[in-house]
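Chemist: Take a look at final15.cif, mmCIF, C-alpha atoms:
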data_work
loop_
_atom_site.label_atom_id
_atom_site.label_comp_id
_atom_site.auth_asym_id
_atom_site.auth_seq_id
_atom_site.Cartn_x
_atom_site.Cartn_y
_atom_site.Cartn_z
CA MET A 1 12.40 8.86 -7.01
CA ILE A 2 9.53 8.45 -4.50
CA GLU A 3 8.02 5.63 -6.55
CA ARG A 4 11.36 3.87 -6.87
CA TYR A 5 12.29 4.16 -3.19
CA SER A 6 8.94 2.90 -1.94
CA ARG A 7 8.95 0.00 -4.38
CA GLU A 8 12.42 -1.10 -3.24
CA LYS A 9 11.35 -0.79 0.40
CA ILE A 10 8.31 -3.02 0.03
CA SER A 11 10.03 -5.52 -2.25
CA SER A 12 12.74 -6.10 0.37
CA ILE A 13 10.08 -7.56 2.67
CA TRP A 14 9.67 -10.44 0.21
CA ASP A 15 13.26 -11.21 -0.72
CA ILE A 16 14.78 -14.55 0.31
CA ASN A 17 16.89 -13.10 3.11
CA SER A 18 13.86 -11.39 4.63
CA LYS A 19 11.79 -14.55 4.39
CA PHE A 20 14.26 -16.44 6.58
CA SER A 21 14.58 -13.43 8.89
CA TYR A 22 10.84 -13.64 9.54
CA TYR A 23 11.17 -17.40 10.08
CA LEU A 24 13.86 -16.75 12.66
CA LYS A 25 11.73 -14.09 14.36
CA VAL A 26 8.98 -16.66 14.82
CA GLU A 27 11.35 -19.34 16.12
CA LEU A 28 12.86 -16.92 18.64
CA ALA A 29 9.41 -15.80 19.81
CA VAL A 30 8.49 -19.44 20.44
CA CYS A 31 11.70 -19.86 22.47
CA GLU A 32 10.78 -16.77 24.50
CA ALA A 33 7.35 -18.23 25.19
CA TYR A 34 8.87 -21.53 26.32
CA ASN A 35 11.27 -19.61 28.54
CA LYS A 36 8.38 -17.79 30.21
CA VAL A 37 6.76 -21.11 31.17
CA GLY A 38 10.07 -22.57 32.35
CA LYS A 39 10.66 -24.98 29.47
CA ILE A 40 13.83 -23.21 28.25
CA PRO A 41 16.41 -22.02 30.80
CA ASP A 42 17.46 -18.36 30.80
CA GLU A 43 21.03 -19.16 29.80
CA ALA A 44 19.80 -21.30 26.88
CA LEU A 45 17.52 -18.52 25.63
CA SER A 46 20.32 -15.98 25.94
CA HIS A 47 22.67 -18.23 23.98
CA ILE A 48 20.05 -18.91 21.28
CA LYS A 49 19.28 -15.20 20.86
CA THR A 50 22.99 -14.44 20.56
CA THR A 51 23.97 -17.20 18.14
CA ALA A 52 20.83 -18.02 16.12
CA SER A 53 21.54 -16.88 12.58
CA PHE A 54 21.50 -18.15 9.02
CA ASP A 55 23.26 -17.80 5.71
CA VAL A 56 21.17 -18.05 2.54
CA LYS A 57 24.03 -19.62 0.61
CA ARG A 58 24.41 -22.32 3.25
CA ILE A 59 20.63 -22.91 3.33
CA ASP A 60 20.70 -23.41 -0.45
CA GLU A 61 23.47 -25.97 -0.07
CA ILE A 62 21.50 -27.94 2.53
CA GLU A 63 18.22 -27.64 0.60
CA ALA A 64 19.89 -29.10 -2.49
CA GLU A 65 20.22 -32.31 -0.48
CA VAL A 66 17.15 -32.36 1.81
CA ARG A 67 14.68 -30.78 -0.66
CA HIS A 68 12.89 -28.91 2.14
CA ASP A 69 13.47 -25.20 2.72
CA VAL A 70 12.35 -25.08 6.37
CA ILE A 71 14.49 -28.09 7.31
CA ALA A 72 17.42 -26.50 5.48
CA PHE A 73 16.84 -23.25 7.37
CA LEU A 74 16.61 -25.01 10.74
CA THR A 75 19.68 -27.11 10.04
CA ASN A 76 21.70 -24.00 9.29
CA VAL A 77 20.41 -22.18 12.39
CA ASN A 78 21.25 -25.21 14.55
CA GLU A 79 24.76 -25.31 13.11
CA ASN A 80 25.24 -21.82 14.51
CA VAL A 81 23.49 -22.42 17.82
CA GLY A 82 25.37 -25.66 18.53
CA GLU A 83 24.31 -29.12 19.69
CA LYS A 84 23.77 -28.21 23.33
CA TYR A 85 20.90 -25.76 22.78
CA SER A 86 19.62 -26.61 19.28
CA PRO A 87 17.00 -29.12 20.60
CA TYR A 88 15.08 -26.15 22.05
CA ILE A 89 14.53 -24.67 18.58
CA HIS A 90 11.34 -25.67 16.71
CA MET A 91 10.28 -27.73 19.72
CA GLY A 92 6.86 -29.30 19.07
CA LEU A 93 6.32 -27.27 15.89
CA THR A 94 5.57 -28.14 12.28
CA SER A 95 6.86 -26.21 9.28
CA SER A 96 3.58 -24.40 8.64
CA ASP A 97 3.59 -22.98 12.15
CA VAL A 98 6.63 -21.01 11.12
CA ILE A 99 5.66 -20.37 7.48
CA ASP A 100 2.13 -19.11 8.09
CA THR A 101 3.00 -17.05 11.14
CA ALA A 102 5.96 -15.50 9.32
CA LEU A 103 3.74 -14.75 6.31
CA ALA A 104 1.38 -12.82 8.59
CA LEU A 105 4.35 -10.71 9.74
CA GLN A 106 5.40 -10.04 6.14
CA ILE A 107 1.85 -9.04 5.27
CA LYS A 108 1.71 -6.74 8.30
CA ASP A 109 4.87 -4.90 7.33
CA ALA A 110 3.88 -4.62 3.66
CA SER A 111 0.44 -3.37 4.68
CA ASP A 112 1.93 -0.62 6.84
CA ILE A 113 3.52 0.78 3.68
CA ILE A 114 0.31 0.38 1.66
CA ASN A 115 -1.70 2.20 4.33
CA GLU A 116 0.77 5.09 4.22
CA ASP A 117 0.40 5.16 0.42
CA LEU A 118 -3.39 5.18 0.71
CA ASP A 119 -3.35 8.08 3.14
CA THR A 120 -1.03 10.06 0.87
CA LEU A 121 -3.20 9.52 -2.21
CA LEU A 122 -6.45 10.22 -0.33
CA ASN A 123 -4.97 13.50 0.90
CA SER A 124 -3.88 14.45 -2.64
CA ILE A 125 -7.32 13.73 -4.09
CA LEU A 126 -9.08 15.64 -1.30
CA ASN A 127 -6.84 18.69 -1.73
CA LEU A 128 -7.57 18.75 -5.46
CA ALA A 129 -11.30 18.35 -4.73
CA LYS A 130 -11.19 21.39 -2.45
CA GLU A 131 -9.42 23.41 -5.11
CA HIS A 132 -12.00 22.55 -7.77
CA LYS A 133 -15.19 22.58 -5.71
CA ASN A 134 -16.78 25.07 -8.12
CA THR A 135 -14.97 24.22 -11.36
CA LEU A 136 -17.85 23.50 -13.75
CA CYS A 137 -17.80 20.48 -16.05
CA ILE A 138 -20.20 18.03 -17.63
CA GLY A 139 -21.38 14.95 -15.86
CA ARG A 140 -21.72 12.11 -18.34
CA SER A 141 -23.78 8.95 -18.49
CA HIS A 142 -23.20 6.29 -21.17
CA GLY A 143 -20.28 8.50 -22.23
CA ILE A 144 -22.74 11.22 -23.31
CA GLY A 145 -23.15 14.67 -21.77
CA ALA A 146 -25.82 14.64 -19.04
CA GLU A 147 -25.93 17.65 -16.69
CA VAL A 148 -23.57 20.10 -15.04
CA ILE A 149 -21.39 18.94 -12.14
CA THR A 150 -18.08 20.27 -10.83
CA PHE A 151 -14.69 18.68 -11.19
CA GLY A 152 -14.38 18.72 -7.41
CA PHE A 153 -17.60 16.69 -7.17
CA LYS A 154 -16.03 14.12 -9.51
CA LEU A 155 -12.95 14.00 -7.29
CA LEU A 156 -15.01 13.52 -4.12
CA ASN A 157 -16.49 10.42 -5.72
CA TRP A 158 -12.92 9.15 -6.23
CA TYR A 159 -12.09 9.99 -2.63
CA ASP A 160 -15.16 8.16 -1.35
CA MET A 161 -14.48 5.03 -3.41
CA LEU A 162 -10.83 4.85 -2.36
CA SER A 163 -11.81 5.43 1.29
CA ARG A 164 -14.10 2.41 1.12
CA ALA A 165 -11.35 0.38 -0.52
CA LYS A 166 -9.07 1.30 2.37
CA GLU A 167 -11.72 0.22 4.89
CA ARG A 168 -12.12 -3.15 3.15
CA PHE A 169 -8.35 -3.53 3.04
CA ASN A 170 -7.94 -2.95 6.77
CA TYR A 171 -10.84 -5.24 7.61
CA ALA A 172 -9.17 -8.01 5.59
CA LEU A 173 -5.79 -7.12 7.10
CA ASN A 174 -7.14 -7.46 10.63
CA ASP A 175 -8.54 -10.87 9.69
CA ILE A 176 -5.26 -12.17 8.27
CA LEU A 177 -2.96 -11.00 11.08
CA VAL A 178 -3.14 -14.29 12.96
CA GLY A 179 -0.49 -16.81 13.82
CA GLN A 180 -0.51 -20.50 14.66
CA ILE A 181 1.80 -22.58 16.81
CA SER A 182 -0.33 -25.72 16.96
CA GLY A 183 1.84 -28.55 15.64
CA PRO A 184 0.98 -31.20 13.04
CA VAL A 185 -2.69 -30.96 11.91
CA GLY A 186 -3.33 -28.26 14.51
CA THR A 187 -4.23 -30.34 17.59
CA TYR A 188 -1.41 -29.09 19.87
CA SER A 189 -0.16 -32.66 20.24
CA ASN A 190 3.36 -31.60 21.22
CA VAL A 191 2.94 -27.91 22.03
CA GLU A 192 0.48 -26.24 24.40
CA PRO A 193 -2.05 -23.60 23.28
CA GLN A 194 -0.49 -21.29 25.86
CA ILE A 195 2.74 -21.23 23.82
CA GLU A 196 0.81 -20.20 20.73
CA GLN A 197 -0.94 -17.41 22.63
CA MET A 198 2.29 -16.09 24.13
CA THR A 199 4.20 -16.34 20.85
CA CYS A 200 1.56 -14.40 18.96
CA GLU A 201 1.48 -11.71 21.64
CA ILE A 202 5.25 -11.33 21.36
CA LEU A 203 4.92 -10.98 17.58
CA GLY A 204 1.96 -8.58 17.70
CA LEU A 205 -0.47 -11.07 16.14
CA LYS A 206 -3.70 -12.71 17.23
CA SER A 207 -3.90 -16.46 17.69
CA ALA A 208 -6.01 -18.37 15.21
CA LYS A 209 -9.04 -19.81 17.00
CA ILE A 210 -8.39 -23.04 15.17
CA SER A 211 -6.01 -24.20 12.49
CA THR A 212 -5.31 -27.47 10.76
CA GLN A 213 -1.72 -27.74 9.67
CA VAL A 214 -2.21 -24.38 8.00
CA ILE A 215 -4.22 -21.25 8.67
CA ALA A 216 -7.39 -21.37 6.55
CA ARG A 217 -6.85 -19.65 3.21
CA ASP A 218 -10.16 -17.78 3.07
CA ARG A 219 -8.33 -15.13 5.13
CA HIS A 220 -5.63 -14.82 2.51
CA SER A 221 -8.12 -14.73 -0.32
CA ALA A 222 -10.03 -11.88 1.32
CA TYR A 223 -6.79 -9.90 1.69
CA ILE A 224 -5.79 -10.27 -1.96
CA SER A 225 -9.37 -9.45 -2.95
CA ALA A 226 -9.14 -6.24 -0.91
CA LEU A 227 -5.96 -5.35 -2.79
CA SER A 228 -7.83 -5.92 -6.05
CA HIS A 229 -10.50 -3.45 -4.91
CA ILE A 230 -7.77 -0.83 -4.46
CA ALA A 231 -6.49 -1.66 -7.94
CA CYS A 232 -10.01 -1.38 -9.39
CA ALA A 233 -10.50 2.03 -7.78
CA ILE A 234 -7.24 3.30 -9.23
CA GLU A 235 -8.15 1.93 -12.65
CA ASN A 236 -11.56 3.59 -12.47
CA PHE A 237 -9.89 6.95 -11.90
CA ALA A 238 -7.24 6.27 -14.54
CA VAL A 239 -9.81 5.38 -17.21
CA GLU A 240 -11.66 8.64 -16.44
CA ILE A 241 -8.49 10.63 -17.03
CA ARG A 242 -7.81 8.71 -20.25
CA HIS A 243 -11.26 9.64 -21.54
CA LEU A 244 -10.92 13.27 -20.47
CA GLN A 245 -7.56 13.52 -22.26
CA ARG A 246 -9.05 12.54 -25.64
CA TRP A 247 -9.03 15.43 -28.10
CA GLU A 248 -12.80 15.16 -28.48
CA VAL A 249 -13.09 16.01 -24.77
CA CYS A 250 -9.81 17.74 -23.85
CA GLU A 251 -10.76 18.61 -20.27
CA ALA A 252 -7.80 17.09 -18.38
CA GLU A 253 -4.49 15.45 -19.14
CA GLU A 254 -1.53 13.87 -17.43
CA GLY A 255 1.38 16.16 -16.71
CA PHE A 256 3.97 16.24 -19.52
CA SER A 257 7.49 16.93 -18.30
CA LYS A 258 10.13 18.96 -20.08
CA GLY A 259 11.91 16.77 -22.62
CA GLN A 260 9.25 14.08 -22.53
CA LYS A 261 8.21 12.55 -25.84
CA GLY A 262 4.91 10.85 -26.65
CA SER A 263 5.62 8.99 -29.87
CA SER A 264 8.62 7.85 -31.88
CA ALA A 265 6.76 8.74 -35.10
CA MET A 266 4.41 11.62 -34.23
CA PRO A 267 6.00 14.55 -32.37
CA HIS A 268 2.62 16.11 -31.55
CA LYS A 269 1.57 13.24 -29.25
CA LYS A 270 0.96 13.55 -25.51
CA ASN A 271 -0.39 10.22 -24.36
CA PRO A 272 -1.93 9.17 -20.99
CA ILE A 273 0.78 6.54 -20.52
CA ALA A 274 0.72 6.42 -16.71
CA CYS A 275 -3.03 5.85 -16.60
CA GLU A 276 -2.81 3.23 -19.35
CA ASN A 277 -0.06 1.51 -17.37
CA LEU A 278 -2.24 1.54 -14.24
CA SER A 279 -5.18 0.06 -16.15
CA GLY A 280 -2.96 -2.81 -17.24
CA LEU A 281 -1.51 -3.47 -13.79
CA ALA A 282 -4.98 -3.60 -12.26
CA ARG A 283 -5.66 -6.65 -14.44
CA ILE A 284 -2.77 -8.50 -12.78
CA VAL A 285 -3.95 -7.77 -9.24
CA ARG A 286 -7.50 -8.82 -10.12
CA ALA A 287 -6.18 -12.03 -11.67
CA ASN A 288 -4.21 -12.70 -8.49
CA SER A 289 -7.41 -12.45 -6.46
CA LEU A 290 -8.82 -15.33 -8.50
CA ALA A 291 -5.67 -17.37 -7.82
CA ALA A 292 -6.12 -16.65 -4.09
CA MET A 293 -9.68 -17.94 -4.24
CA GLU A 294 -8.44 -21.13 -5.87
CA ASP A 295 -6.11 -21.57 -2.88
CA ILE A 296 -8.97 -21.82 -0.39
CA THR A 297 -9.67 -25.46 -1.21
CA LEU A 298 -6.94 -27.76 0.13
CA TRP A 299 -6.89 -31.52 0.68
CA HIS A 300 -7.92 -32.56 4.19
CA GLU A 301 -5.91 -30.76 6.88
CA ARG A 302 -3.21 -29.57 4.51
CA ASP A 303 -1.54 -29.80 1.17
CA ILE A 304 0.95 -27.39 -0.39
CA SER A 305 -0.86 -26.51 -3.61
CA HIS A 306 -1.37 -22.99 -2.21
CA SER A 307 2.28 -22.47 -1.35
CA SER A 308 3.70 -22.03 -4.84
CA VAL A 309 0.86 -19.66 -5.72
CA GLU A 310 1.36 -17.48 -2.65
CA ARG A 311 5.08 -17.15 -3.30
CA VAL A 312 4.04 -15.23 -6.42
CA ILE A 313 0.78 -13.44 -5.64
CA PHE A 314 1.64 -11.95 -2.24
CA PRO A 315 4.90 -10.26 -3.26
CA ASP A 316 3.52 -9.28 -6.68
CA SER A 317 0.20 -7.91 -5.43
CA THR A 318 1.58 -5.88 -2.52
CA ILE A 319 4.47 -4.50 -4.59
CA LEU A 320 2.13 -3.63 -7.47
CA ILE A 321 -0.37 -1.88 -5.21
CA ASP A 322 2.43 0.12 -3.60
CA TYR A 323 3.66 1.11 -7.06
CA MET A 324 0.16 1.90 -8.38
CA LEU A 325 -0.71 4.09 -5.41
CA ASN A 326 2.54 6.04 -5.72
CA ARG A 327 2.26 6.41 -9.48
CA PHE A 328 -1.34 7.55 -9.41
CA ASN A 329 -0.52 10.01 -6.63
CA ASN A 330 2.04 11.49 -9.01
CA VAL A 331 -0.64 11.69 -11.73
CA VAL A 332 -3.03 13.51 -9.37
CA ASN A 333 -0.41 15.99 -8.21
CA ASN A 334 0.58 16.82 -11.80
CA LEU A 335 -2.87 16.66 -13.42
CA VAL A 336 -3.44 19.44 -15.96
CA LEU A 337 -7.04 20.67 -15.98
CA LYS A 338 -8.61 22.78 -18.73
CA PRO A 339 -11.62 24.61 -17.26
CA GLU A 340 -12.10 26.64 -20.45
CA ASN A 341 -12.69 23.44 -22.42
CA MET A 342 -15.03 22.19 -19.72
CA ILE A 343 -17.17 25.31 -20.26
CA LYS A 344 -17.03 24.86 -24.05
CA ASN A 345 -18.32 21.31 -23.67
CA ILE A 346 -21.13 22.50 -21.40
CA GLU A 347 -22.18 25.01 -24.05
CA LYS A 348 -21.96 22.59 -26.99
CA TYR A 349 -24.94 22.61 -29.38
CA GLY A 350 -26.34 25.65 -27.62
CA GLY A 351 -26.39 24.00 -24.19
CA ILE A 352 -28.52 20.92 -24.86
CA ILE A 353 -27.50 19.58 -21.46
CA TYR A 354 -30.05 22.00 -19.98
CA SER A 355 -32.86 19.97 -21.55
CA GLN A 356 -34.35 18.77 -18.25
CA ALA A 357 -34.63 22.32 -16.91
CA CYS A 358 -36.50 23.28 -20.09
CA LEU A 359 -38.76 20.24 -19.82
CA LEU A 360 -39.68 21.11 -16.23
CA LYS A 361 -40.26 24.75 -17.13
CA LEU A 362 -42.72 23.77 -19.85
CA THR A 363 -44.66 21.53 -17.44
CA GLN A 364 -44.87 24.48 -15.03
CA LYS A 365 -46.44 26.45 -17.88
CA GLY A 366 -49.21 23.89 -18.33
CA LYS A 367 -47.80 21.32 -20.74
CA THR A 368 -48.12 17.65 -19.84
CA ARG A 369 -44.84 15.87 -19.26
CA GLU A 370 -45.29 13.96 -22.52
CA GLN A 371 -45.94 17.16 -24.48
CA ALA A 372 -43.00 18.93 -22.89
CA TYR A 373 -40.69 15.98 -23.48
CA GLU A 374 -41.66 15.81 -27.16
CA ILE A 375 -40.96 19.51 -27.68
CA VAL A 376 -37.62 19.54 -25.87
CA GLN A 377 -36.39 16.32 -27.46
CA LYS A 378 -37.26 17.60 -30.96
CA GLU A 379 -35.39 20.88 -30.45
CA ALA A 380 -32.41 19.25 -28.73
CA LEU A 381 -31.96 16.64 -31.46
CA ASP A 382 -32.32 19.34 -34.10
CA ALA A 383 -29.50 21.31 -32.49
CA PHE A 384 -27.36 18.18 -32.20
CA SER A 385 -27.94 17.23 -35.85
CA ARG A 386 -26.67 20.65 -36.98
CA GLY A 387 -23.32 20.21 -35.23
CA ASP A 388 -21.50 23.47 -34.52
CA GLU A 389 -24.33 25.39 -36.16
CA GLY A 390 -26.94 23.94 -33.81
CA ASN A 391 -28.28 26.12 -31.00
CA PHE A 392 -30.68 24.54 -28.54
CA LYS A 393 -31.09 27.75 -26.56
CA GLU A 394 -32.24 29.62 -29.63
CA ASN A 395 -34.63 26.83 -30.53
CA MET A 396 -36.25 27.02 -27.10
CA ARG A 397 -36.94 30.74 -27.45
CA HIS A 398 -40.05 29.70 -29.42
CA TYR A 399 -41.50 28.26 -26.20
CA LEU A 400 -39.93 30.16 -23.32
CA SER A 401 -39.57 33.83 -22.40
CA GLU A 402 -36.18 35.51 -22.02
CA GLU A 403 -36.46 35.35 -18.26
CA GLU A 404 -37.40 31.66 -18.42
CA ILE A 405 -34.48 30.95 -20.78
CA LYS A 406 -32.10 32.70 -18.39
CA ASP A 407 -33.41 30.62 -15.51
CA CYS A 408 -33.21 27.30 -17.41
CA PHE A 409 -29.68 27.89 -18.69
CA ASP A 410 -28.23 29.07 -15.36
CA GLU A 411 -25.38 26.72 -14.44
CA LYS A 412 -25.29 28.08 -10.88
CA LYS A 413 -28.53 26.24 -10.11
CA TYR A 414 -26.60 23.00 -10.43
CA LEU A 415 -24.17 24.06 -7.67
CA ARG A 416 -26.71 24.87 -4.97
CA ASN A 417 -26.17 21.59 -3.10
CA ILE A 418 -22.46 21.10 -3.74
CA GLU A 419 -21.68 22.66 -0.37
CA ALA A 420 -23.96 20.17 1.39
CA ILE A 421 -22.16 17.27 -0.32
CA TYR A 422 -18.76 18.64 0.69
CA LYS A 423 -19.87 18.97 4.30
CA ARG A 424 -20.40 15.20 4.38
CA PHE A 425 -16.63 14.90 3.92
CA GLY A 426 -15.82 17.52 6.55
CA VAL A 427 -14.59 20.05 3.99
#
What would you get if you wrote out this structure as C-alpha cells?

Modeler:
Amino acid sequence: MIERYSREKISSIWDINSKFSYYLKVELAVCEAYNKVGKIPDEALSHIKTTASFDVKRIDEIEAEVRHDVIAFLTNVNENVGEKYSPYIHMGLTSSDVIDTALALQIKDASDIINEDLDTLLNSILNLAKEHKNTLCIGRSHGIGAEVITFGFKLLNWYDMLSRAKERFNYALNDILVGQISGPVGTYSNVEPQIEQMTCEILGLKSAKISTQVIARDRHSAYISALSHIACAIENFAVEIRHLQRWEVCEAEEGFSKGQKGSSAMPHKKNPIACENLSGLARIVRANSLAAMEDITLWHERDISHSSVERVIFPDSTILIDYMLNRFNNVVNNLVLKPENMIKNIEKYGGIIYSQACLLKLTQKGKTREQAYEIVQKEALDAFSRGDEGNFKENMRHYLSEEEIKDCFDEKKYLRNIEAIYKRFGV
C-alpha cells in the first residue's frame, strides 16, 4: 500500500490538470510581480486571482483549432477572467517562460517526494547494518570467495553509495530549480529583469542568469543523470541480493509472503522477483539519461525537439525512482538472512579463504614470499579440487603448528577494524 500511495502521489504532479495548474501558478506570480511595481492595479490583481481558472476539456477544444497548448490554455483562462483584465495576463512573456518555469516547480515537488524516499531507504539500510555489524560472511571478488567481512560492512557500502547518489541528486536539483521570465529569445525585450527576479522569488526559485527562449538543457540532463545514479545504486544492491539468493550461495533472500507463489510449474520456487524487477527498471532510467543528453543541443536560441522527449522522461524517471526506492525499501525491511549458511561458505574446502594469513605466517617463519605463495597455492588448490572432501586447514598442518593454525584461521582477526569503519558513519 505504501508503494501504491506514493506512486499515485508523485504521478499526480505530472498529469494534465496539474501541468496547467503549474502554468497558472506562474502566470499569477508574474501578475503579482507586475502589481508590486505598479503595472497591474490592485483591483485587477484581485479580480485575476479570483477568476483565473481553466478547464482541461475546454483547453482541448481550443487546442484542436489553434494547435498550441499554451495559447489554448491562455485563451481559456482569459475567457474566465474577462476582456477587461485579460490583457494583464502573459504580458511580455513567451510560452517557454511559463513552460520552463512551471517544469522547475513540477521537478521541485517531485524531488521533495524522492528525497523523503531516499531518507527512508537510507535509514532502513543503516538500521540493518547496525544489526549485522558482526554477522560474518565472505567478501567476494570476481564472484569468488576472498576474505571474511561482515554483512553489516556490506550494507555500509550500500549506505555510502546511496548517500553519494543523494548528494549528486540534490546538487543537480539545486541547479535545475531556476525560472525565466525573459521574453522571446531571452533579451527582456518586453519584460524587465526585475519582473523575472520577483516572480521567481514568489515561486521559490532562482532566476536563470541568462536564458535564450528556453533554459539551457544541460541543467535538465544533469538532473536526469542524477536520477540514473540512484537507479544504478539500487540495481547494484538488487543484483547482490539476486546472487546471494542463488542456491549455490544461499546467504540471503527476498521475503516470501504467506500464499505467495514463485512459479506456475515448479512449486518449490522462491525467486528474487522484486530485485529482478528493479534491475530492469534501472535500464529505463539510464536510457532516459541518454535522451536527456541528446536534448542539450538545440537549434540557435530555441527549438522544441526537447519538448516531446521531456514530456516522457521527466514523469517516467521521477515516478520510476519513487517506485524503485519504495520497493527496494520493502525488500530491505523484509530481507531474510541466513548466517548459518554464511559460516558454512566461510568454512568451505577447509577454510581456503584464510590463505593470505597462512602465506604471511610462512614468511614470518623464514620463507620467501614466492616460496610461501607456492606452498599455500598448492595446498589450497588441492583442497578445492577435492570438493567437499578437501580440507585446506588439514593440508597446512604440514607447515604450521597448532597454535599458528589457530591464529591463521581465526575469523575474529578480520573484525578488528570494523568498529573503526562504523565510527566513520557515526554508528

Chemist: Please report the interatomic distance between atom CA of Ser211 of chain A and atom CA of Gly186 of chain A in Å with one decimal.

Modeler: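 So the answer is 5.3 Å.
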
Chemist: To test your reading of the syntax: which residues would the PyMOL selection byres ((chain A and resi 208) around 8) return for the file shown? Reply as a ChimeraX atom specification.

Modeler: /A:178-180,206-207,209-211,215

Chemist: Return as an NGL selection string the set of residues that the PyMOL selection byres ((chain A and resi 73-85) around 7) yields on the displayed structure.

Modeler: :A and (44 or 48 or 51-54 or 58-59 or 69-72 or 86-88)

Chemist: Once the PyMOL selection byres ((chain A and resi 399) around 12) has been applied to the shown file, what residues remain in the selection, as a PyMOL selection string?

Modeler: chain A and resi 358-359+361-363+365-367+372+375-376+379+392-398+400-405

Chemist: In Å, with one decimal, what is the gap from atom CA of Val185 of chain A to atom CA of Thr212 of chain A?

Modeler: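 Atom CA of Thr212 of chain A lies 4.5 Å from atom CA of Val185 of chain A.
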
Chemist: Do you know which residues are at most 9 Å from Asp316 of chain A counting only C-alpha atoms, after dropping those on the same chain fewer than 6 positions away, and could you put them as a PyMOL selection string?

Modeler: chain A and resi 11+284-285+288

Chemist: Report as an mmCIF file with C-alpha atoms, in the coordinates of the input all protein, DNA and RNA residues lying within 9 Å of Gly350 of chain A, evaluated on all atoms listed in the file, omitting residues in the same chain fewer than 3 positions from it.

Modeler:
data_model
loop_
_atom_site.group_PDB
_atom_site.id
_atom_site.type_symbol
_atom_site.label_atom_id
_atom_site.label_comp_id
_atom_site.auth_asym_id
_atom_site.auth_seq_id
_atom_site.Cartn_x
_atom_site.Cartn_y
_atom_site.Cartn_z
ATOM 1 C CA ILE A 346 -21.130 22.500 -21.400
ATOM 2 C CA GLU A 347 -22.180 25.010 -24.050
ATOM 3 C CA ILE A 353 -27.500 19.580 -21.460
ATOM 4 C CA ALA A 380 -32.410 19.250 -28.730
ATOM 5 C CA ALA A 383 -29.500 21.310 -32.490
ATOM 6 C CA PHE A 384 -27.360 18.180 -32.200
ATOM 7 C CA ASP A 388 -21.500 23.470 -34.520
ATOM 8 C CA GLU A 389 -24.330 25.390 -36.160
ATOM 9 C CA GLY A 390 -26.940 23.940 -33.810
ATOM 10 C CA ASN A 391 -28.280 26.120 -31.000
ATOM 11 C CA PHE A 392 -30.680 24.540 -28.540
ATOM 12 C CA LYS A 393 -31.090 27.750 -26.560
ATOM 13 C CA GLU A 394 -32.240 29.620 -29.630
ATOM 14 C CA ASN A 395 -34.630 26.830 -30.530
#

Chemist: For segment 252-269 of chain A, please output as a PyMOL selection string all residues within 12 Å (counting only C-alpha atoms; exclusion window: fewer than 6 positions along the same chain).

Modeler: chain A and resi 137+151+238-246+275-276+327-342

Chemist: Counting only C-alpha atoms, which of A:Asp15, A:Glu192, A:Asp175, A:Glu235 gets nearest to Ser221 of chain A?

Modeler: A:Asp175

Chemist: Give me, as a list in words, all polymer residues having an atom no more than 8 Å from segment 193-203 of chain A, counting only C-alpha atoms and skipping those fewer than 5 positions away in the same chain.

Modeler: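 Near segment 193-203 of chain A, the qualifying residues are Val26, Ala29, Val30, Glu32, Ala33, Tyr34, Leu105, Val178, Gly179, Gln180, Ile181, Ser182 and Tyr188 of chain A.
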
Chemist: So which one's closest to Ser95 of chain A, A:Arg168, A:Lys130, A:Arg302, A:Lys9? Using all atoms listed in the file, please.

Modeler: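 Among the listed residues, A:Arg302 lies closest to Ser95 of chain A.
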
Chemist: What does the structure give for the distance between atom CA of Gln213 of chain A and atom CA of Tyr171 of chain A, in Å to one decimal?

Modeler: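 Pair atom CA of Gln213 of chain A / atom CA of Tyr171 of chain A returns 24.4 Å.
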
Chemist: Write out as a list in words the residues lying within 10 Å of Leu290 of chain A, counting all atoms listed in the file and excluding same-chain residues fewer than 3 positions away.

Modeler: Ser221, Ile224, Ser225, Ser228, Val285, Arg286, Ala287, Met293, Glu294 and Asp295 of chain A

Chemist: Restricting the calculation to only C-alpha atoms: of A:Val249, A:Leu162, A:Val56, A:Val214, which residue gets closest to Asp97 of chain A?

Modeler: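 Among A:Val249, A:Leu162, A:Val56, A:Val214, it is A:Val214 that comes nearest to Asp97 of chain A.
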
Chemist: Choose the residue, out of A:Ala222, A:Leu227, A:Leu45, A:Ala292, that has the smallest atom-to-atom separation from Ser308 of chain A; count all atoms listed in the file.

Modeler: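 Closest to Ser308 of chain A of all the choices is A:Ala292.
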
Chemist: Missing atoms in segment 94-99 of chain A should be modelled up to N, CA, C and O atoms and reported as a JSON list (two decimals), in the coordinates of the input.

Modeler:
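Saved result, selection_7.json, follows:
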[["chain", "number", "residue", "atom", "x", "y", "z"],
["A", 94, "THR", "N", 5.50, -27.65, 13.65],
["A", 94, "THR", "CA", 5.57, -28.14, 12.28],
["A", 94, "THR", "C", 5.92, -26.97, 11.37],
["A", 94, "THR", "O", 5.80, -25.80, 11.78],
["A", 95, "SER", "N", 6.36, -27.27, 10.17],
["A", 95, "SER", "CA", 6.86, -26.21, 9.28],
["A", 95, "SER", "C", 5.86, -25.08, 9.09],
["A", 95, "SER", "O", 6.22, -23.90, 9.10],
["A", 96, "SER", "N", 4.58, -25.44, 8.92],
["A", 96, "SER", "CA", 3.58, -24.40, 8.64],
["A", 96, "SER", "C", 3.36, -23.46, 9.81],
["A", 96, "SER", "O", 2.90, -22.32, 9.61],
["A", 97, "ASP", "N", 3.66, -23.90, 11.02],
["A", 97, "ASP", "CA", 3.59, -22.98, 12.15],
["A", 97, "ASP", "C", 4.50, -21.78, 11.90],
["A", 97, "ASP", "O", 4.12, -20.63, 12.17],
["A", 98, "VAL", "N", 5.66, -22.07, 11.40],
["A", 98, "VAL", "CA", 6.63, -21.01, 11.12],
["A", 98, "VAL", "C", 6.26, -20.25, 9.85],
["A", 98, "VAL", "O", 6.23, -19.02, 9.82],
["A", 99, "ILE", "N", 5.94, -20.99, 8.78],
["A", 99, "ILE", "CA", 5.66, -20.37, 7.48],
["A", 99, "ILE", "C", 4.46, -19.43, 7.55],
["A", 99, "ILE", "O", 4.52, -18.27, 7.11]]
